[in-house]
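Asks: Below is start_21.txt; it holds compact mmCIF, C-alpha atoms.
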# COMPACT_ATOMS: atom_id res chain seq x y z
CA MET O 69 97.66 0.12 -124.58
CA THR O 70 94.53 -1.73 -123.69
CA GLY O 71 90.98 -1.98 -124.92
CA ASN O 72 90.01 0.75 -127.37
CA ASP O 73 93.48 2.34 -127.19
CA ALA O 74 95.08 -0.66 -128.91
CA PRO O 75 95.78 -0.44 -132.66
CA GLY O 76 92.83 -1.61 -134.71
CA PHE O 77 90.21 -0.44 -132.22
CA GLY O 78 88.22 2.75 -131.86
CA LEU O 79 88.75 5.78 -134.04
CA PRO O 80 91.34 6.04 -136.79
CA PRO O 81 94.86 6.72 -135.54
CA VAL O 82 95.78 10.35 -135.01
CA PRO O 83 99.16 11.46 -136.38
CA VAL O 84 102.09 12.46 -134.23
CA VAL O 85 102.44 16.23 -134.55
CA THR O 86 105.91 17.66 -135.11
CA ALA O 87 107.08 21.27 -135.43
CA LEU O 88 107.09 20.83 -139.21
CA THR O 89 103.57 19.30 -139.44
CA GLU O 90 101.85 21.31 -136.67
CA PRO O 91 100.29 23.95 -138.98
CA PHE O 92 98.78 21.24 -141.20
CA TRP O 93 97.26 19.24 -138.31
CA HIS O 94 96.17 22.22 -136.16
CA GLY O 95 94.93 24.62 -138.89
CA GLY O 96 91.51 23.00 -138.93
CA ALA O 97 90.81 24.45 -135.48
CA THR O 98 90.31 27.77 -137.27
CA GLY O 99 88.76 26.20 -140.37
CA ARG O 100 91.88 26.65 -142.48
CA LEU O 101 93.83 24.07 -144.44
CA LEU O 102 97.44 25.22 -144.13
CA ILE O 103 99.98 24.01 -146.69
CA GLY O 104 103.64 24.96 -146.89
CA ARG O 105 104.49 27.47 -149.60
CA CYS O 106 107.85 28.75 -150.80
CA ARG O 107 108.00 32.53 -150.55
CA ALA O 108 110.84 32.64 -153.08
CA CYS O 109 109.11 30.89 -156.00
CA GLY O 110 105.47 30.38 -154.87
CA PHE O 111 105.59 26.56 -155.04
CA TRP O 112 103.21 24.70 -152.68
CA LEU O 113 104.74 21.79 -150.73
CA HIS O 114 102.96 18.75 -149.36
CA PRO O 115 104.01 16.82 -147.44
CA PRO O 116 105.61 19.68 -145.53
CA GLY O 117 109.33 20.13 -145.79
CA PRO O 118 111.92 22.65 -144.61
CA VAL O 119 113.23 23.30 -148.14
CA CYS O 120 111.43 24.04 -151.40
CA ARG O 121 111.66 21.06 -153.75
CA ARG O 122 111.60 23.42 -156.74
CA CYS O 123 114.13 26.17 -155.95
CA LEU O 124 115.77 24.86 -152.72
CA SER O 125 114.87 28.00 -150.77
CA LYS O 126 114.44 27.63 -147.02
CA ASP O 127 111.83 30.41 -147.02
CA VAL O 128 108.91 27.98 -146.70
CA HIS O 129 105.94 28.86 -144.51
CA PRO O 130 102.37 27.56 -144.06
CA GLU O 131 99.66 29.46 -145.91
CA PRO O 132 95.92 28.81 -146.17
CA VAL O 133 94.58 27.25 -149.36
CA SER O 134 91.02 27.44 -150.69
CA GLY O 135 90.21 23.90 -149.56
CA GLY O 136 88.74 23.02 -152.95
CA GLY O 137 89.97 20.28 -155.22
CA ARG O 138 89.19 17.19 -157.24
CA VAL O 139 89.37 13.48 -156.56
CA ARG O 140 92.32 12.10 -158.55
CA THR O 141 91.78 8.47 -157.60
CA PHE O 142 90.08 6.52 -154.82
CA THR O 143 89.36 3.17 -153.28
CA VAL O 144 86.36 1.95 -151.31
CA ASN O 145 87.32 0.17 -148.11
CA HIS O 146 84.97 -2.57 -146.89
CA GLN O 147 87.25 -3.92 -144.14
CA PRO O 148 86.23 -2.81 -140.60
CA TRP O 149 89.72 -1.81 -139.42
CA PHE O 150 88.34 0.69 -136.92
CA PRO O 151 84.96 -0.15 -135.32
CA ALA O 152 84.06 3.53 -134.90
CA LEU O 153 84.56 4.08 -138.65
CA PRO O 154 81.58 2.47 -140.39
CA THR O 155 82.24 0.61 -143.62
CA PRO O 156 82.27 1.09 -146.46
CA TYR O 157 84.29 4.30 -146.58
CA VAL O 158 86.26 6.01 -149.31
CA LEU O 159 89.97 6.78 -149.22
CA ALA O 160 90.95 9.23 -151.94
CA ILE O 161 93.84 11.19 -153.30
CA VAL O 162 92.63 14.77 -153.66
CA GLU O 163 94.45 17.30 -155.80
CA LEU O 164 94.02 20.85 -154.52
CA ASP O 165 93.06 23.70 -156.86
CA GLU O 166 96.13 25.77 -156.03
CA GLN O 167 98.64 23.74 -158.02
CA PRO O 168 98.77 20.65 -160.27
CA GLY O 169 100.28 17.78 -158.32
CA LEU O 170 99.46 19.30 -154.90
CA GLN O 171 97.67 16.29 -153.50
CA PHE O 172 97.29 14.11 -150.46
CA LEU O 173 95.53 11.03 -149.15
CA THR O 174 92.30 11.68 -147.27
CA ARG O 175 88.89 10.21 -146.51
CA LEU O 176 85.72 11.33 -148.32
CA VAL O 177 82.66 11.99 -146.15
CA ASP O 178 78.98 12.84 -146.70
CA CYS O 179 79.04 10.99 -150.00
CA PRO O 180 77.46 7.66 -150.95
CA VAL O 181 80.28 5.39 -152.15
CA GLU O 182 78.49 4.66 -155.44
CA THR O 183 78.59 8.37 -156.39
CA VAL O 184 82.36 8.80 -156.01
CA ARG O 185 84.32 9.20 -159.24
CA SER O 186 87.64 10.58 -160.36
CA GLY O 187 87.27 14.28 -161.10
CA LEU O 188 84.58 14.79 -158.43
CA ARG O 189 84.73 18.34 -157.01
CA VAL O 190 85.31 18.28 -153.25
CA HIS O 191 85.94 20.73 -150.41
CA VAL O 192 87.75 20.28 -147.10
CA ARG O 193 86.08 19.64 -143.76
CA PHE O 194 87.79 18.99 -140.48
CA GLU O 195 87.28 16.18 -137.99
CA PRO O 196 88.67 17.15 -134.57
CA HIS O 197 90.58 14.64 -132.46
CA GLY O 198 91.88 16.66 -129.53
CA ASP O 199 94.19 19.33 -130.95
CA VAL O 200 94.54 17.47 -134.28
CA HIS O 201 92.00 18.30 -136.98
CA LEU O 202 91.98 15.69 -139.74
CA PRO O 203 91.31 17.24 -143.16
CA LEU O 204 88.52 15.24 -144.80
CA PHE O 205 86.71 16.11 -147.99
CA ALA O 206 83.05 16.17 -149.04
CA PRO O 207 81.50 16.74 -152.45
CA GLU O 208 80.77 20.34 -153.37
CA PRO O 209 77.06 20.96 -153.91
CA SER O 210 76.08 20.88 -157.56
CA VAL O 211 74.58 23.94 -159.22
CA ALA O 212 71.22 22.12 -159.39
CA GLU O 213 71.28 21.47 -155.63
CA GLU O 214 72.02 25.14 -154.89
CA ALA O 215 69.06 26.42 -156.95
Would you mind writing the file's structure down as structure tokens?

Replies:
Amino acid sequence: MTGNDAPGFGLPPVPVVTALTEPFWHGGATGRLLIGRCRACGFWLHPPGPVCRRCLSKDVHPEPVSGGGRVRTFTVNHQPWFPALPTPYVLAIVELDEQPGLQFLTRLVDCPVETVRSGLRVHVRFEPHGDVHLPLFAPEPSVAEEA
């Protein structure tokens, strides 16, 4: 690796896609956030796994979720780790609407850092990097903004 390909330069790193994670990382190409779900008991699984953590069934398959959720917790990063990612930016744990505890680490976008709070309603957006589509989240418009 040289120049902007070296760690710490350019865009944020893109994950290595495996057979197990492919639906999650590629679903954004069609605008869908795909999360593993057990067909035996209905439990949502993230991170993806081959076996349901609730009932131990192997009948787990990716299904689309609504893409809506709430910020559980967050941090504002001021360190310029990636020059193409302007600081400050917000890293957050978002809990999806489909199930309590169904959450993952993401970046918030289109949101001034001073307006971020726990409980903020957000919705998924995708940032393409080749065939990987990073799921990012932005605040949902308030009722006042929609009127």

Asks: Sorted by chain and rising residue number, which residues of range 142-166 of chain O lie within 12 Å of range 174-179 of chain O, and what are their closest atom pairs and distances in Å to one decimal, counting only C-alpha atoms, as a tab-separated table?

Replies:
residue	atom	partner	partner_atom	distance
O:Phe142	CA	O:Arg175	CA	9.2
O:Thr143	CA	O:Arg175	CA	9.8
O:Val144	CA	O:Leu176	CA	9.9
O:Asn145	CA	O:Arg175	CA	10.3
O:Leu153	CA	O:Arg175	CA	10.9
O:Pro154	CA	O:Val177	CA	11.2
O:Thr155	CA	O:Val177	CA	11.7
O:Pro156	CA	O:Val177	CA	10.9
O:Tyr157	CA	O:Leu176	CA	7.4
O:Val158	CA	O:Leu176	CA	5.4
O:Leu159	CA	O:Arg175	CA	4.5
O:Ala160	CA	O:Thr174	CA	5.4
O:Ile161	CA	O:Thr174	CA	6.2
O:Val162	CA	O:Thr174	CA	7.1
O:Glu163	CA	O:Thr174	CA	10.4
O:Leu164	CA	O:Thr174	CA	11.8

Asks: Only C-alpha atoms, please: the residues just picked out, written as a PDB file, in the frame of the given file.

Replies:
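This went into out24.pdb:
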ATOM      1  CA  PHE O 142      90.080   6.520-154.820  1.00  0.00           C
ATOM      2  CA  THR O 143      89.360   3.170-153.280  1.00  0.00           C
ATOM      3  CA  VAL O 144      86.360   1.950-151.310  1.00  0.00           C
ATOM      4  CA  ASN O 145      87.320   0.170-148.110  1.00  0.00           C
ATOM      5  CA  LEU O 153      84.560   4.080-138.650  1.00  0.00           C
ATOM      6  CA  PRO O 154      81.580   2.470-140.390  1.00  0.00           C
ATOM      7  CA  THR O 155      82.240   0.610-143.620  1.00  0.00           C
ATOM      8  CA  PRO O 156      82.270   1.090-146.460  1.00  0.00           C
ATOM      9  CA  TYR O 157      84.290   4.300-146.580  1.00  0.00           C
ATOM     10  CA  VAL O 158      86.260   6.010-149.310  1.00  0.00           C
ATOM     11  CA  LEU O 159      89.970   6.780-149.220  1.00  0.00           C
ATOM     12  CA  ALA O 160      90.950   9.230-151.940  1.00  0.00           C
ATOM     13  CA  ILE O 161      93.840  11.190-153.300  1.00  0.00           C
ATOM     14  CA  VAL O 162      92.630  14.770-153.660  1.00  0.00           C
ATOM     15  CA  GLU O 163      94.450  17.300-155.800  1.00  0.00           C
ATOM     16  CA  LEU O 164      94.020  20.850-154.520  1.00  0.00           C
TER      17      LEU O 164
END

Asks: Provide the CA of Asp199 in chain O to CA of Trp93 in chain O distance in Å, to one decimal place.

Replies: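 We find that CA of Asp199 in chain O and CA of Trp93 in chain O lie 8.0 Å from each other.
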
Asks: Between O:Asp127, O:Gly136, O:Ala97, O:His146, which has the minimum distance to Glu208 in chain O (counting only C-alpha atoms)?

Replies: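 The answer is O:Gly136, which sits nearest to Glu208 in chain O.
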
Asks: Check the smallest atom-to-atom distance from each of O:Leu102, O:Leu173, O:Val82, O:Val181 to Glu131 in chain O using all atoms listed in the file, then report the winner.

Replies: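 So, comparing all the options, the nearest one is O:Leu102.
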
Asks: Write out as a list in words each polymer residue whose atoms come within 8 Å of range 193-196 of chain O, counting all atoms listed in the file; drop sequence neighbours fewer than 6 positions from it.

Replies: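 Contacts, in chain order: Gly96, Ala97, Gly99, Leu202, Pro203, Leu204, Phe205 and Ala206 of chain O.
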
Asks: Between O:Gly169, O:Pro130, O:Pro148, O:Gly187, which has the minimum distance to Pro118 in chain O (counting all atoms listed in the file)?

Replies: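 Nearest candidate to Pro118 in chain O out of O:Gly169, O:Pro130, O:Pro148, O:Gly187: O:Pro130.
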
Asks: Calculate how many Å separate CA of Cys120 in chain O from CA of Pro81 in chain O, rounding to one decimal.

Replies: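 CA of Cys120 in chain O sits 28.7 Å away from CA of Pro81 in chain O.
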
Asks: Report, in Å to a single decimal, how far apart CA of Pro80 in chain O and CA of Ala152 in chain O are.

Replies: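 CA of Pro80 in chain O lies 7.9 Å from CA of Ala152 in chain O.
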
Asks: Find the smallest box with edges along x, y and z containing every listed atom of range 153-169 of chain O, then add 8 Å on each side and report centre and edge lengths in Å to one decimal, as JSON.

Replies:
{"center_x": 90.9, "center_y": 13.2, "center_z": -149.5, "size_x": 34.7, "size_y": 41.2, "size_z": 37.6}

Asks: Neighbouring residues of Leu188 in chain O were defined as those with any atom within 8 Å, considering only C-alpha atoms; residues of the same chain fewer than 2 positions away were excluded. Please report them as a list in words.

Replies: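 Contacts, with the query itself left out: Arg138, Val139, Val184, Arg185, Ser186, Val190 and Pro207 of chain O.
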
Asks: Because the input lacks atoms here, generate all heavy atoms for range 122-133 of chain O and report them as a PDB file, keeping the file's coordinate frame.

Replies:
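Output file selection_26.pdb is given in full below:
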ATOM      1  N   ARG O 122     111.402  22.819-155.421  1.00  0.00           N
ATOM      2  CA  ARG O 122     111.600  23.420-156.740  1.00  0.00           C
ATOM      3  C   ARG O 122     112.861  24.281-156.803  1.00  0.00           C
ATOM      4  O   ARG O 122     113.681  24.124-157.687  1.00  0.00           O
ATOM      5  CB  ARG O 122     110.391  24.258-157.136  1.00  0.00           C
ATOM      6  CG  ARG O 122     110.607  24.928-158.510  1.00  0.00           C
ATOM      7  CD  ARG O 122     109.527  25.907-158.838  1.00  0.00           C
ATOM      8  NE  ARG O 122     108.394  25.206-159.420  1.00  0.00           N
ATOM      9  CZ  ARG O 122     107.212  25.777-159.618  1.00  0.00           C
ATOM     10  NH1 ARG O 122     107.004  27.023-159.255  1.00  0.00           N
ATOM     11  NH2 ARG O 122     106.242  25.101-160.174  1.00  0.00           N
ATOM     12  N   CYS O 123     113.014  25.218-155.851  1.00  0.00           N
ATOM     13  CA  CYS O 123     114.130  26.170-155.950  1.00  0.00           C
ATOM     14  C   CYS O 123     115.157  26.040-154.812  1.00  0.00           C
ATOM     15  O   CYS O 123     116.148  26.752-154.786  1.00  0.00           O
ATOM     16  CB  CYS O 123     113.606  27.604-156.007  1.00  0.00           C
ATOM     17  SG  CYS O 123     112.975  28.218-154.426  1.00  0.00           S
ATOM     18  N   LEU O 124     114.879  25.135-153.857  1.00  0.00           N
ATOM     19  CA  LEU O 124     115.770  24.860-152.720  1.00  0.00           C
ATOM     20  C   LEU O 124     115.840  25.987-151.694  1.00  0.00           C
ATOM     21  O   LEU O 124     116.705  25.977-150.824  1.00  0.00           O
ATOM     22  CB  LEU O 124     117.163  24.463-153.181  1.00  0.00           C
ATOM     23  CG  LEU O 124     117.219  23.248-154.115  1.00  0.00           C
ATOM     24  CD1 LEU O 124     118.666  22.942-154.498  1.00  0.00           C
ATOM     25  CD2 LEU O 124     116.559  22.039-153.488  1.00  0.00           C
ATOM     26  N   SER O 125     114.933  26.939-151.768  1.00  0.00           N
ATOM     27  CA  SER O 125     114.870  28.000-150.770  1.00  0.00           C
ATOM     28  C   SER O 125     114.410  27.421-149.433  1.00  0.00           C
ATOM     29  O   SER O 125     113.622  26.483-149.386  1.00  0.00           O
ATOM     30  CB  SER O 125     113.885  29.085-151.215  1.00  0.00           C
ATOM     31  OG  SER O 125     113.648  29.997-150.158  1.00  0.00           O
ATOM     32  N   LYS O 126     114.898  28.004-148.359  1.00  0.00           N
ATOM     33  CA  LYS O 126     114.440  27.630-147.020  1.00  0.00           C
ATOM     34  C   LYS O 126     113.342  28.553-146.526  1.00  0.00           C
ATOM     35  O   LYS O 126     112.872  28.420-145.404  1.00  0.00           O
ATOM     36  CB  LYS O 126     115.616  27.649-146.044  1.00  0.00           C
ATOM     37  CG  LYS O 126     116.638  26.567-146.341  1.00  0.00           C
ATOM     38  CD  LYS O 126     117.761  26.583-145.335  1.00  0.00           C
ATOM     39  CE  LYS O 126     118.773  25.508-145.681  1.00  0.00           C
ATOM     40  NZ  LYS O 126     119.902  25.518-144.756  1.00  0.00           N
ATOM     41  N   ASP O 127     112.887  29.453-147.377  1.00  0.00           N
ATOM     42  CA  ASP O 127     111.830  30.410-147.020  1.00  0.00           C
ATOM     43  C   ASP O 127     110.463  29.787-147.302  1.00  0.00           C
ATOM     44  O   ASP O 127     109.725  30.208-148.186  1.00  0.00           O
ATOM     45  CB  ASP O 127     112.022  31.703-147.810  1.00  0.00           C
ATOM     46  CG  ASP O 127     111.187  32.844-147.259  1.00  0.00           C
ATOM     47  OD1 ASP O 127     110.585  32.688-146.171  1.00  0.00           O
ATOM     48  OD2 ASP O 127     111.122  33.901-147.927  1.00  0.00           O
ATOM     49  N   VAL O 128     110.149  28.727-146.549  1.00  0.00           N
ATOM     50  CA  VAL O 128     108.910  27.980-146.700  1.00  0.00           C
ATOM     51  C   VAL O 128     108.069  28.181-145.441  1.00  0.00           C
ATOM     52  O   VAL O 128     108.564  27.977-144.333  1.00  0.00           O
ATOM     53  CB  VAL O 128     109.188  26.477-146.923  1.00  0.00           C
ATOM     54  CG1 VAL O 128     107.900  25.679-146.991  1.00  0.00           C
ATOM     55  CG2 VAL O 128     110.032  26.270-148.173  1.00  0.00           C
ATOM     56  N   HIS O 129     106.816  28.586-145.638  1.00  0.00           N
ATOM     57  CA  HIS O 129     105.940  28.860-144.510  1.00  0.00           C
ATOM     58  C   HIS O 129     104.522  28.374-144.824  1.00  0.00           C
ATOM     59  O   HIS O 129     104.107  28.385-145.980  1.00  0.00           O
ATOM     60  CB  HIS O 129     105.918  30.363-144.197  1.00  0.00           C
ATOM     61  CG  HIS O 129     107.261  30.887-143.833  1.00  0.00           C
ATOM     62  ND1 HIS O 129     107.767  30.790-142.567  1.00  0.00           N
ATOM     63  CD2 HIS O 129     108.223  31.482-144.576  1.00  0.00           C
ATOM     64  CE1 HIS O 129     108.983  31.306-142.543  1.00  0.00           C
ATOM     65  NE2 HIS O 129     109.275  31.726-143.756  1.00  0.00           N
ATOM     66  N   PRO O 130     103.748  27.989-143.809  1.00  0.00           N
ATOM     67  CA  PRO O 130     102.370  27.560-144.060  1.00  0.00           C
ATOM     68  C   PRO O 130     101.484  28.723-144.469  1.00  0.00           C
ATOM     69  O   PRO O 130     101.592  29.812-143.906  1.00  0.00           O
ATOM     70  CB  PRO O 130     101.928  26.962-142.721  1.00  0.00           C
ATOM     71  CG  PRO O 130     102.827  27.576-141.700  1.00  0.00           C
ATOM     72  CD  PRO O 130     104.109  27.902-142.401  1.00  0.00           C
ATOM     73  N   GLU O 131     100.637  28.468-145.457  1.00  0.00           N
ATOM     74  CA  GLU O 131      99.660  29.460-145.910  1.00  0.00           C
ATOM     75  C   GLU O 131      98.326  28.746-146.123  1.00  0.00           C
ATOM     76  O   GLU O 131      98.304  27.581-146.505  1.00  0.00           O
ATOM     77  CB  GLU O 131     100.103  30.121-147.215  1.00  0.00           C
ATOM     78  CG  GLU O 131     101.306  31.009-147.066  1.00  0.00           C
ATOM     79  CD  GLU O 131     101.632  31.769-148.354  1.00  0.00           C
ATOM     80  OE1 GLU O 131     100.770  31.847-149.261  1.00  0.00           O
ATOM     81  OE2 GLU O 131     102.752  32.272-148.452  1.00  0.00           O
ATOM     82  N   PRO O 132      97.219  29.445-145.934  1.00  0.00           N
ATOM     83  CA  PRO O 132      95.920  28.810-146.170  1.00  0.00           C
ATOM     84  C   PRO O 132      95.669  28.618-147.662  1.00  0.00           C
ATOM     85  O   PRO O 132      96.061  29.447-148.483  1.00  0.00           O
ATOM     86  CB  PRO O 132      94.921  29.795-145.570  1.00  0.00           C
ATOM     87  CG  PRO O 132      95.634  31.094-145.494  1.00  0.00           C
ATOM     88  CD  PRO O 132      97.093  30.801-145.402  1.00  0.00           C
ATOM     89  N   VAL O 133      95.031  27.509-147.995  1.00  0.00           N
ATOM     90  CA  VAL O 133      94.580  27.250-149.360  1.00  0.00           C
ATOM     91  C   VAL O 133      93.059  27.327-149.372  1.00  0.00           C
ATOM     92  O   VAL O 133      92.413  27.387-148.318  1.00  0.00           O
ATOM     93  CB  VAL O 133      95.062  25.867-149.874  1.00  0.00           C
ATOM     94  CG1 VAL O 133      96.576  25.846-150.023  1.00  0.00           C
ATOM     95  CG2 VAL O 133      94.593  24.736-148.978  1.00  0.00           C
TER      96      VAL O 133
END
